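Containing TSV, C-alpha atoms: target.tsv.
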```
chain	number	residue	atom	x	y	z
J	71	MET	CA	62.29	51.15	60.11
J	72	LYS	CA	62.44	54.57	61.73
J	73	ASN	CA	65.75	55.51	63.32
J	74	LYS	CA	65.79	55.37	67.10
J	75	VAL	CA	67.92	57.21	69.63
J	76	GLY	CA	69.43	55.01	72.32
J	77	PHE	CA	68.69	56.40	75.79
J	78	GLY	CA	70.17	55.50	79.14
J	79	ILE	CA	68.53	56.47	82.43
J	80	ILE	CA	70.58	57.68	85.39
J	81	GLY	CA	68.62	56.85	88.52
J	82	ALA	CA	66.29	54.05	89.52
J	83	GLY	CA	63.55	55.79	91.49
J	84	MET	CA	59.98	56.84	90.78
J	85	ILE	CA	60.83	59.39	88.08
J	86	ALA	CA	63.17	56.94	86.35
J	87	VAL	CA	60.23	54.57	86.01
J	88	CYS	CA	58.17	57.38	84.48
J	89	HIS	CA	60.95	58.01	81.94
J	90	ALA	CA	61.16	54.31	81.09
J	91	LYS	CA	57.40	53.96	80.61
J	92	SER	CA	57.46	57.04	78.38
J	93	MET	CA	60.16	55.51	76.19
J	94	GLN	CA	58.16	52.31	75.80
J	95	ILE	CA	55.43	54.09	73.82
J	96	LEU	CA	57.75	56.02	71.48
J	97	ASP	CA	58.85	54.93	68.02
J	98	ASN	CA	61.97	57.14	67.86
J	99	VAL	CA	63.55	56.02	71.15
J	100	ARG	CA	65.10	52.81	72.44
J	101	LEU	CA	65.79	52.31	76.14
J	102	VAL	CA	69.29	50.86	76.43
J	103	GLY	CA	69.73	50.61	80.19
J	104	PHE	CA	69.81	51.97	83.74
J	105	TYR	CA	72.55	53.07	86.08
J	106	ASP	CA	72.13	53.79	89.78
J	107	PRO	CA	74.66	53.49	92.62
J	108	LYS	CA	72.08	51.17	94.20
J	109	LEU	CA	72.87	48.32	91.84
J	110	ASP	CA	69.98	46.13	92.99
J	111	ALA	CA	67.48	48.90	92.15
J	112	ALA	CA	68.98	49.38	88.68
J	113	GLN	CA	69.04	45.64	88.06
J	114	LYS	CA	65.40	45.31	89.09
J	115	LEU	CA	64.29	48.00	86.62
J	116	ALA	CA	66.49	46.54	83.88
J	117	GLN	CA	64.68	43.23	84.30
J	118	GLU	CA	61.29	44.95	84.33
J	119	PHE	CA	62.00	46.92	81.14
J	120	ASN	CA	64.09	44.23	79.42
J	121	CYS	CA	67.27	46.26	79.06
J	122	LYS	CA	70.80	46.52	80.50
J	123	PHE	CA	72.00	47.66	83.88
J	124	TYR	CA	75.50	48.88	84.61
J	125	ARG	CA	77.76	48.19	87.57
J	126	SER	CA	79.54	51.54	87.35
J	127	PHE	CA	78.86	55.03	86.03
J	128	GLU	CA	81.97	54.74	83.87
J	129	GLU	CA	80.64	51.58	82.24
J	130	PHE	CA	77.32	53.33	81.59
J	131	LEU	CA	78.95	56.36	79.97
J	132	ALA	CA	81.26	54.22	77.84
J	133	ASP	CA	78.43	52.32	76.17
J	134	PRO	CA	78.27	53.49	72.51
J	135	GLU	CA	74.64	52.36	72.26
J	136	ILE	CA	73.68	55.23	74.58
J	137	GLN	CA	73.41	58.45	72.60
J	138	ALA	CA	71.38	60.38	75.18
J	139	VAL	CA	70.64	60.18	78.88
J	140	THR	CA	67.83	61.21	81.14
J	141	VAL	CA	68.90	62.40	84.58
J	142	ALA	CA	66.52	61.17	87.28
J	143	THR	CA	68.67	61.58	90.39
J	144	PRO	CA	68.14	63.74	93.50
J	145	SER	CA	68.19	67.40	92.48
J	146	GLY	CA	71.51	68.22	94.09
J	147	LEU	CA	73.27	65.69	91.84
J	148	HIS	CA	71.81	66.88	88.53
J	149	GLY	CA	74.71	69.07	87.44
J	150	LYS	CA	77.38	66.60	88.48
J	151	VAL	CA	76.01	63.60	86.61
J	152	ALA	CA	74.72	65.59	83.63
J	153	GLY	CA	78.08	67.31	83.24
J	154	ALA	CA	79.90	63.97	83.25
J	155	ALA	CA	77.49	62.60	80.65
J	156	ALA	CA	77.98	65.67	78.45
J	157	LYS	CA	81.76	65.24	78.57
J	158	ALA	CA	81.19	61.65	77.42
J	159	GLY	CA	79.33	62.99	74.39
J	160	LYS	CA	75.80	62.16	75.53
J	161	HIS	CA	72.84	64.44	74.90
J	162	ILE	CA	71.02	65.38	78.12
J	163	LEU	CA	67.40	65.47	79.27
J	164	CYS	CA	67.55	66.48	82.93
J	165	GLU	CA	64.71	66.43	85.40
J	166	LYS	CA	63.81	69.75	86.95
J	167	PRO	CA	65.58	71.69	88.28
J	168	LEU	CA	68.63	71.74	86.01
J	169	GLU	CA	70.63	72.78	89.07
J	170	LEU	CA	70.06	74.53	92.38
J	171	THR	CA	71.66	77.89	91.56
J	172	VAL	CA	71.91	80.04	88.46
J	173	ALA	CA	75.72	79.81	88.53
J	174	LYS	CA	75.60	76.02	88.48
J	175	VAL	CA	73.05	76.05	85.67
J	176	ASN	CA	75.38	78.30	83.69
J	177	ASP	CA	78.23	75.84	84.28
J	178	LEU	CA	76.14	72.96	82.95
J	179	ILE	CA	75.02	74.91	79.89
J	180	ARG	CA	78.65	75.79	79.16
J	181	THR	CA	79.77	72.17	79.54
J	182	CYS	CA	77.11	70.96	77.10
J	183	GLU	CA	77.99	73.65	74.56
J	184	GLU	CA	81.71	72.89	74.79
J	185	ASN	CA	80.99	69.20	74.15
J	186	HIS	CA	78.44	69.88	71.37
J	187	VAL	CA	75.54	68.04	72.98
J	188	PHE	CA	71.93	69.07	73.40
J	189	LEU	CA	70.69	70.02	76.86
J	190	SER	CA	67.01	70.04	77.77
J	191	THR	CA	65.21	70.20	81.10
J	192	VAL	CA	61.99	68.39	81.94
J	193	PHE	CA	59.08	70.82	81.90
J	194	GLN	CA	56.50	68.42	80.55
J	195	SER	CA	53.57	70.71	81.40
J	196	ARG	CA	54.49	72.92	78.45
J	197	PHE	CA	53.41	70.15	76.12
J	198	THR	CA	49.82	69.93	77.37
J	199	ARG	CA	46.97	71.20	75.18
J	200	PRO	CA	45.72	73.93	77.58
J	201	VAL	CA	49.20	75.43	77.86
J	202	GLN	CA	49.66	75.41	74.11
J	203	VAL	CA	46.32	77.07	73.34
J	204	VAL	CA	46.91	79.77	75.99
J	205	HIS	CA	50.43	80.39	74.72
J	206	LYS	CA	49.10	80.70	71.16
J	207	ALA	CA	46.45	83.18	72.29
J	208	MET	CA	49.09	85.25	74.09
J	209	GLN	CA	51.38	85.26	71.06
J	210	ALA	CA	48.43	86.34	68.89
J	211	GLY	CA	47.80	89.37	71.14
J	212	ARG	CA	44.34	88.29	72.20
J	213	PHE	CA	44.88	89.40	75.82
J	214	GLY	CA	45.59	92.99	74.83
J	215	HIS	CA	47.65	94.76	77.50
J	216	MET	CA	48.51	92.19	80.16
J	217	VAL	CA	47.57	93.16	83.70
J	218	LEU	CA	47.67	89.99	85.87
J	219	ALA	CA	49.38	86.60	85.69
J	220	SER	CA	49.17	84.35	88.74
J	221	ALA	CA	49.66	80.78	89.90
J	222	GLN	CA	48.30	78.84	92.86
J	223	MET	CA	49.36	75.42	94.12
J	224	ARG	CA	47.74	74.07	97.28
J	225	TRP	CA	49.16	70.58	97.47
J	226	TYR	CA	49.78	68.13	100.27
J	227	ARG	CA	52.81	66.04	101.19
J	228	ASP	CA	52.74	63.97	104.36
J	229	ASP	CA	55.71	63.44	106.66
J	230	ASP	CA	56.50	60.07	105.10
J	231	TYR	CA	57.23	61.79	101.79
J	232	PHE	CA	60.13	63.64	103.39
J	233	ASN	CA	61.18	60.94	105.86
J	234	CYS	CA	61.55	58.19	103.25
J	235	SER	CA	64.46	59.98	101.59
J	236	GLY	CA	67.40	61.72	103.19
J	237	TRP	CA	67.65	64.37	100.46
J	238	ARG	CA	64.10	65.71	100.31
J	239	GLY	CA	63.43	68.86	102.27
J	240	THR	CA	67.10	69.90	102.43
J	241	TRP	CA	68.78	72.95	100.94
J	242	ALA	CA	71.85	71.01	99.90
J	243	MET	CA	70.08	68.37	97.81
J	244	ASP	CA	66.56	69.70	97.17
J	245	GLY	CA	67.53	73.34	96.69
J	246	GLY	CA	64.29	74.52	98.27
J	247	GLY	CA	60.85	73.26	99.17
J	248	ALA	CA	57.36	73.72	97.78
J	249	LEU	CA	58.53	76.31	95.26
J	250	MET	CA	61.68	74.65	93.90
J	251	ASN	CA	60.51	71.05	94.04
J	252	GLN	CA	56.77	71.06	93.35
J	253	ALA	CA	55.80	74.48	91.96
J	254	ILE	CA	58.71	74.93	89.54
J	255	HIS	CA	56.48	73.72	86.69
J	256	MET	CA	54.01	76.55	87.33
J	257	VAL	CA	56.84	79.05	87.54
J	258	ASP	CA	58.02	77.86	84.15
J	259	LEU	CA	54.52	78.25	82.68
J	260	LEU	CA	54.19	81.82	83.99
J	261	LEU	CA	57.45	82.72	82.25
J	262	TYR	CA	56.63	80.76	79.09
J	263	ILE	CA	53.24	82.41	78.66
J	264	ASN	CA	53.64	85.89	80.23
J	265	GLY	CA	57.35	86.58	79.92
J	266	ALA	CA	60.24	87.59	82.13
J	267	PRO	CA	59.99	89.10	85.65
J	268	GLU	CA	61.29	92.51	86.62
J	269	GLU	CA	60.90	92.49	90.42
J	270	VAL	CA	59.62	90.19	93.17
J	271	PHE	CA	58.84	90.35	96.87
J	272	ALA	CA	58.18	87.18	98.87
J	273	PHE	CA	57.33	85.59	102.19
J	274	ALA	CA	58.23	81.97	102.97
J	275	GLY	CA	57.92	79.70	105.97
J	276	THR	CA	58.02	76.13	107.24
J	277	LEU	CA	54.61	75.79	108.84
J	278	THR	CA	53.64	72.11	109.06
J	279	HIS	CA	56.67	69.90	108.34
J	280	ASN	CA	59.94	69.17	110.13
J	281	ILE	CA	62.18	70.11	107.16
J	282	GLU	CA	64.87	72.72	106.43
J	283	VAL	CA	63.10	74.32	103.49
J	284	GLU	CA	59.79	76.11	103.02
J	285	ASP	CA	56.47	74.30	102.79
J	286	ASN	CA	54.52	77.53	102.20
J	287	LEU	CA	55.41	80.60	100.16
J	288	CYS	CA	53.72	83.61	98.61
J	289	ALA	CA	55.39	86.02	96.17
J	290	ALA	CA	54.24	89.18	94.41
J	291	VAL	CA	55.75	89.59	90.95
J	292	LYS	CA	56.07	92.52	88.57
J	293	TYR	CA	56.74	91.43	84.99
J	294	ARG	CA	58.65	93.28	82.32
J	295	ASN	CA	55.48	93.66	80.25
J	296	GLY	CA	54.03	95.78	83.09
J	297	SER	CA	51.67	93.17	84.52
J	298	PHE	CA	51.54	92.00	88.13
J	299	GLY	CA	50.84	88.62	89.70
J	300	THR	CA	51.17	86.31	92.67
J	301	ILE	CA	52.75	82.90	93.13
J	302	GLU	CA	51.15	81.02	96.03
J	303	VAL	CA	52.43	77.54	96.86
J	304	SER	CA	51.98	75.04	99.66
J	305	THR	CA	52.49	71.37	100.51
J	306	SER	CA	50.41	71.74	103.68
J	307	CYS	CA	46.85	71.61	102.29
J	308	PRO	CA	45.25	68.14	102.53
J	309	PRO	CA	44.04	66.36	100.56
J	310	GLY	CA	45.73	68.41	97.79
J	311	PHE	CA	44.02	70.40	95.04
J	312	PRO	CA	44.57	71.06	91.32
J	313	ARG	CA	47.18	73.62	90.32
J	314	ARG	CA	45.65	76.81	88.97
J	315	LEU	CA	47.00	79.48	86.61
J	316	GLU	CA	45.17	82.61	85.47
J	317	PHE	CA	46.07	85.27	82.90
J	318	SER	CA	44.15	88.52	82.48
J	319	GLY	CA	44.62	91.33	80.01
J	320	SER	CA	42.65	94.33	78.81
J	321	THR	CA	40.83	92.19	76.23
J	322	GLY	CA	40.78	88.69	77.68
J	323	THR	CA	41.04	86.34	80.64
J	324	VAL	CA	41.91	82.65	80.72
J	325	SER	CA	42.30	80.31	83.66
J	326	PHE	CA	43.06	76.63	83.80
J	327	GLU	CA	43.49	73.93	86.41
J	328	GLU	CA	45.84	71.09	85.48
J	329	ASP	CA	44.63	69.95	82.03
J	330	LYS	CA	41.23	71.67	82.09
J	331	ILE	CA	40.26	75.20	81.00
J	332	THR	CA	37.94	76.84	83.55
J	333	ARG	CA	37.61	80.30	81.95
J	334	TRP	CA	38.10	81.43	78.35
J	335	GLU	CA	36.75	84.95	77.75
J	336	PHE	CA	37.91	87.35	75.06
J	337	ALA	CA	36.51	90.68	73.86
J	338	VAL	CA	36.76	89.53	70.25
J	339	PRO	CA	35.61	85.91	69.88
J	340	GLN	CA	37.32	83.63	67.37
J	341	PRO	CA	35.92	80.51	65.66
J	342	GLU	CA	38.31	78.23	67.53
J	343	ASP	CA	36.98	79.40	70.91
J	344	GLU	CA	33.99	77.07	70.83
J	345	ILE	CA	36.18	74.11	69.89
J	346	ILE	CA	38.54	74.88	72.77
J	347	LYS	CA	35.64	75.15	75.21
J	348	ALA	CA	34.08	71.91	73.97
J	349	GLU	CA	37.31	69.95	74.20
J	350	LEU	CA	39.09	71.42	77.23
J	351	PHE	CA	36.47	72.82	79.63
J	352	GLY	CA	35.80	70.78	82.75
J	353	GLN	CA	36.78	70.06	86.34
J	354	ALA	CA	40.35	68.93	86.90
J	355	ASP	CA	41.43	66.28	89.36
J	356	ALA	CA	44.26	66.98	91.76
J	357	LYS	CA	46.74	64.67	90.00
J	358	GLY	CA	50.03	65.28	91.84
J	359	GLY	CA	48.33	67.33	94.54
J	360	SER	CA	48.17	64.48	97.01
J	361	SER	CA	51.09	62.30	95.90
J	362	PRO	CA	54.00	62.51	93.43
J	363	THR	CA	53.03	59.07	92.10
J	364	ASN	CA	49.77	60.46	90.69
J	365	ILE	CA	51.31	61.63	87.43
J	366	ASN	CA	51.16	60.04	84.01
J	367	GLN	CA	53.95	59.87	81.47
J	368	GLU	CA	52.25	61.58	78.51
J	369	GLY	CA	54.06	64.91	78.94
J	370	HIS	CA	57.38	63.18	79.53
J	371	ALA	CA	56.85	61.09	76.39
J	372	CYS	CA	56.23	64.22	74.31
J	373	GLN	CA	59.40	65.85	75.59
J	374	ILE	CA	61.60	62.77	75.21
J	375	SER	CA	60.30	62.30	71.68
J	376	ASP	CA	60.95	65.95	70.89
J	377	LEU	CA	64.57	65.70	72.02
J	378	ALA	CA	65.03	62.44	70.10
J	379	ASP	CA	63.76	64.09	66.91
J	380	SER	CA	66.20	66.96	67.48
J	381	ILE	CA	69.09	64.51	67.87
J	382	LEU	CA	68.08	62.65	64.70
J	383	SER	CA	67.59	65.81	62.64
J	384	GLY	CA	70.22	68.08	64.20
J	385	GLU	CA	67.60	70.83	64.55
J	386	LYS	CA	67.10	72.94	67.67
J	387	ARG	CA	65.02	71.33	70.40
J	388	PHE	CA	61.82	72.77	71.82
J	389	LEU	CA	63.12	73.55	75.29
J	390	ASP	CA	66.85	74.10	75.80
J	391	GLY	CA	69.06	74.77	78.79
J	392	TYR	CA	68.55	78.53	78.58
J	393	GLU	CA	64.80	78.03	78.89
J	394	GLY	CA	65.41	75.76	81.86
J	395	ARG	CA	67.51	78.47	83.51
J	396	ARG	CA	64.69	81.04	83.51
J	397	ALA	CA	62.68	79.28	86.21
J	398	ILE	CA	65.77	78.90	88.40
J	399	GLU	CA	66.49	82.63	88.09
J	400	LEU	CA	62.99	83.53	89.26
J	401	ILE	CA	62.93	80.95	92.05
J	402	CYS	CA	66.32	82.00	93.39
J	403	GLY	CA	65.22	85.64	93.27
J	404	ILE	CA	62.10	84.76	95.25
J	405	TYR	CA	64.18	82.92	97.86
J	406	GLU	CA	66.55	85.87	98.14
J	407	SER	CA	63.63	88.24	98.76
J	408	ALA	CA	62.12	85.92	101.38
J	409	LYS	CA	65.52	85.68	103.09
J	410	THR	CA	66.32	89.40	103.13
J	411	GLY	CA	62.82	90.83	103.49
J	412	LYS	CA	63.54	93.11	100.55
J	413	PRO	CA	62.38	93.24	96.91
J	414	TYR	CA	64.63	91.42	94.44
J	415	LEU	CA	65.30	93.09	91.07
J	416	PHE	CA	66.22	90.94	88.08
J	417	ARG	CA	68.92	91.89	85.62
J	418	LYS	CA	67.99	92.28	81.99
J	419	ASN	CA	69.85	89.73	79.89
```
With the file now loaded, output its structure as structure tokens.
Amino acid sequence: MKNKVGFGIIGAGMIAVCHAKSMQILDNVRLVGFYDPKLDAAQKLAQEFNCKFYRSFEEFLADPEIQAVTVATPSGLHGKVAGAAAKAGKHILCEKPLELTVAKVNDLIRTCEENHVFLSTVFQSRFTRPVQVVHKAMQAGRFGHMVLASAQMRWYRDDDYFNCSGWRGTWAMDGGGALMNQAIHMVDLLLYINGAPEEVFAFAGTLTHNIEVEDNLCAAVKYRNGSFGTIEVSTSCPPGFPRRLEFSGSTGTVSFEEDKITRWEFAVPQPEDEIIKAELFGQADAKGGSSPTNINQEGHACQISDLADSILSGEKRFLDGYEGRRAIELICGIYESAKTGKPYLFRKN
């Protein structure tokens, strides 16, 4: 029988259910139990997934069957609960964002390193086939000299989405709006595929919702490789449309929406191009564009499995805390520019 890593889930909301369903289909993971301060919610999920629930966080962390945890709490609690779990010797898979500021992300990374546990952040979109083929093409130099790399998210969230939870739409617990909460996955993909930013200038506003944070934002980015791009995000565009990313260089352009390639053009064709077009071309549906419940668990399953394999083998995981920090650095820089009305320059690490 293949070894399995025992996972506990912190949280009992929608994303916790996604994590649990992901674990059900994996052969290297065993779901041990749930903890949530709302004991009835944790108990309900424990019954649904045939596992334990815990009456206190201390009881949860003390269980030796739990080797790793997934953090599925409101964003503003991520660092607090993940840090406590790390000190208890548990490996961490934390929902995005790792934390709400770069300084707090650094603190969490340091805590995990000091306690010799793995830290990974949930960026499940990296594991999709379109992202992987575009990343491979970029690494192979097929784009030539990069000139443009942009992302567009025109999603919709109704008032009930924010009203049903006291933490959504607040700076203290959400850390931002459309950019930090919904578009962070696209920000991560821009960095993963095109590389680090050098400078950004942004506008942000709250145009259609009664919330503290932005529901619309547009940023112009200059990357260290010399290319330019825009990041355009909204939760004010009913009924919600597929996310779109596009990368253009001197010898190639690729665009994709969600899990479908919509353009794949290179100056020097390769044999795999026709296979990619046959398998991945098409029209994407909006998925999470209209509701956060319209996501599947395939990407989460890939990432949970990847972390479990790392724990079992002791080898470096695919996406560590430093990778998770990159998106927070860019997002916080964008917010600073929108706040001050001035360009924000990023330090070279």
When you look at segment 401-417 of chain J with a cut-off of 12 Å (counting all atoms listed in the file), what residues show up, excluding the ones that are within fewer than 4 positions of it in the same chain? I need them as an NGL selection string.
:J and (167 or 169-173 or 175 or 241 or 245-258 or 260-261 or 266-275 or 283-284 or 286-294 or 300-302 or 394-397)
When distances are computed from all atoms listed in the file, which of J:Tyr262, J:Lys114, J:Val139, J:Asn280 shows the smallest separation from Met93 of chain J?
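Looking at the shortest contact to Met93 of chain J, the residue is J:Val139.
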Please produce, as CSV, a per-residue contact table for segment 196-299 of chain J versus segment 337-344 of chain J (criterion: any atom at most 10 Å away, only C-alpha atoms considered), showing the nearest atom pair and its distance in Å to one decimal, sorted by chain then residue number.
```
residue,atom,partner,partner_atom,distance
J:Val203,CA,J:Asp343,CA,9.9
J:Arg212,CA,J:Val338,CA,7.9
J:Phe213,CA,J:Ala337,CA,8.7
J:Gly214,CA,J:Ala337,CA,9.4
```
Output C-alpha atoms of each residue in that selection to a file, as a compact mmCIF listing (two decimals), keeping the file's coordinate frame.
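Final file, result-v3.txt:
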```
# COMPACT_ATOMS: atom_id res chain seq x y z
CA VAL J 203 46.32 77.07 73.34
CA ARG J 212 44.34 88.29 72.20
CA PHE J 213 44.88 89.40 75.82
CA GLY J 214 45.59 92.99 74.83
```
Neighbouring residues of Ala86 of chain J were defined as those with any atom within 10 Å, considering all atoms listed in the file; residues of the same chain fewer than 6 positions away were excluded. Please report them as a PyMOL selection string.
chain J and resi 79-80+92+104+112+115+140-143+165
What gap, in Å, lies between atom CA of Ile95 of chain J and atom CA of Arg199 of chain J?
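Computing it gives 19.1 Å between the two atoms.
Among J:Leu163, J:Val324, J:Ala116, J:Ile136, the residue with the shortest atom-to-atom distance to Lys74 of chain J, counting only C-alpha atoms, is J:Ile136.
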Using only C-alpha atoms: which of J:Glu393, J:Asp230, J:Glu129, J:Asp244 has the shortest distance to His279 of chain J
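Once distances to His279 of chain J are computed over only C-alpha atoms, the minimum belongs to J:Asp230.
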Generate the missing atoms of segment 216-246 of chain J up to N, CA and C atoms and report them as a CSV table (one decimal), in the coordinates of the input.
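Okay, this is what ended up in rebuild-v7.csv:
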```
chain,number,residue,atom,x,y,z
J,216,MET,N,48.6,93.1,79.0
J,216,MET,CA,48.5,92.2,80.2
J,216,MET,C,48.5,93.0,81.5
J,217,VAL,N,47.7,92.5,82.4
J,217,VAL,CA,47.6,93.2,83.7
J,217,VAL,C,47.9,92.2,84.9
J,218,LEU,N,47.5,90.9,84.8
J,218,LEU,CA,47.7,90.0,85.9
J,218,LEU,C,48.0,88.6,85.3
J,219,ALA,N,49.0,88.0,86.0
J,219,ALA,CA,49.4,86.6,85.7
J,219,ALA,C,49.8,85.9,87.0
J,220,SER,N,49.0,84.9,87.4
J,220,SER,CA,49.2,84.4,88.7
J,220,SER,C,49.1,82.8,88.7
J,221,ALA,N,49.7,82.2,89.8
J,221,ALA,CA,49.7,80.8,89.9
J,221,ALA,C,49.4,80.4,91.3
J,222,GLN,N,48.6,79.3,91.5
J,222,GLN,CA,48.3,78.8,92.9
J,222,GLN,C,48.5,77.3,92.9
J,223,MET,N,49.2,76.9,93.9
J,223,MET,CA,49.4,75.4,94.1
J,223,MET,C,49.1,75.1,95.6
J,224,ARG,N,48.0,74.5,95.9
J,224,ARG,CA,47.7,74.1,97.3
J,224,ARG,C,47.7,72.5,97.3
J,225,TRP,N,48.9,72.0,97.5
J,225,TRP,CA,49.2,70.6,97.5
J,225,TRP,C,49.4,70.1,98.9
J,226,TYR,N,49.5,68.7,99.0
J,226,TYR,CA,49.8,68.1,100.3
J,226,TYR,C,50.9,67.1,100.1
J,227,ARG,N,51.8,67.1,101.0
J,227,ARG,CA,52.8,66.0,101.2
J,227,ARG,C,52.9,65.7,102.7
J,228,ASP,N,52.7,64.4,103.0
J,228,ASP,CA,52.7,64.0,104.4
J,228,ASP,C,54.2,63.8,104.8
J,229,ASP,N,54.4,63.5,106.1
J,229,ASP,CA,55.7,63.4,106.7
J,229,ASP,C,56.5,62.3,106.0
J,230,ASP,N,55.8,61.2,105.7
J,230,ASP,CA,56.5,60.1,105.1
J,230,ASP,C,57.2,60.4,103.8
J,231,TYR,N,56.6,61.4,103.0
J,231,TYR,CA,57.2,61.8,101.8
J,231,TYR,C,58.6,62.3,102.0
J,232,PHE,N,58.8,63.1,103.1
J,232,PHE,CA,60.1,63.6,103.4
J,232,PHE,C,61.0,62.6,104.2
J,233,ASN,N,60.4,61.8,105.0
J,233,ASN,CA,61.2,60.9,105.9
J,233,ASN,C,61.7,59.8,105.1
J,234,CYS,N,61.1,59.4,104.0
J,234,CYS,CA,61.6,58.2,103.2
J,234,CYS,C,62.8,58.4,102.4
J,235,SER,N,63.3,59.7,102.4
J,235,SER,CA,64.5,60.0,101.6
J,235,SER,C,65.3,61.0,102.3
J,236,GLY,N,66.6,60.8,102.4
J,236,GLY,CA,67.4,61.7,103.2
J,236,GLY,C,67.6,63.0,102.5
J,237,TRP,N,67.3,63.1,101.2
J,237,TRP,CA,67.6,64.4,100.5
J,237,TRP,C,66.5,65.3,100.4
J,238,ARG,N,65.3,64.8,100.4
J,238,ARG,CA,64.1,65.7,100.3
J,238,ARG,C,64.0,66.7,101.5
J,239,GLY,N,63.6,67.9,101.2
J,239,GLY,CA,63.4,68.9,102.3
J,239,GLY,C,64.7,69.5,102.8
J,240,THR,N,65.8,69.3,102.0
J,240,THR,CA,67.1,69.9,102.4
J,240,THR,C,67.5,70.9,101.4
J,241,TRP,N,68.2,71.9,101.9
J,241,TRP,CA,68.8,73.0,100.9
J,241,TRP,C,69.9,72.4,100.1
J,242,ALA,N,70.7,71.5,100.6
J,242,ALA,CA,71.8,71.0,99.9
J,242,ALA,C,71.5,70.1,98.7
J,243,MET,N,70.4,69.3,98.9
J,243,MET,CA,70.1,68.4,97.8
J,243,MET,C,68.8,68.6,97.1
J,244,ASP,N,67.9,69.4,97.8
J,244,ASP,CA,66.6,69.7,97.2
J,244,ASP,C,66.6,71.1,96.6
J,245,GLY,N,67.4,72.0,97.2
J,245,GLY,CA,67.5,73.3,96.7
J,245,GLY,C,66.4,74.3,97.1
J,246,GLY,N,65.5,73.8,97.9
J,246,GLY,CA,64.3,74.5,98.3
J,246,GLY,C,63.2,73.6,98.5
```
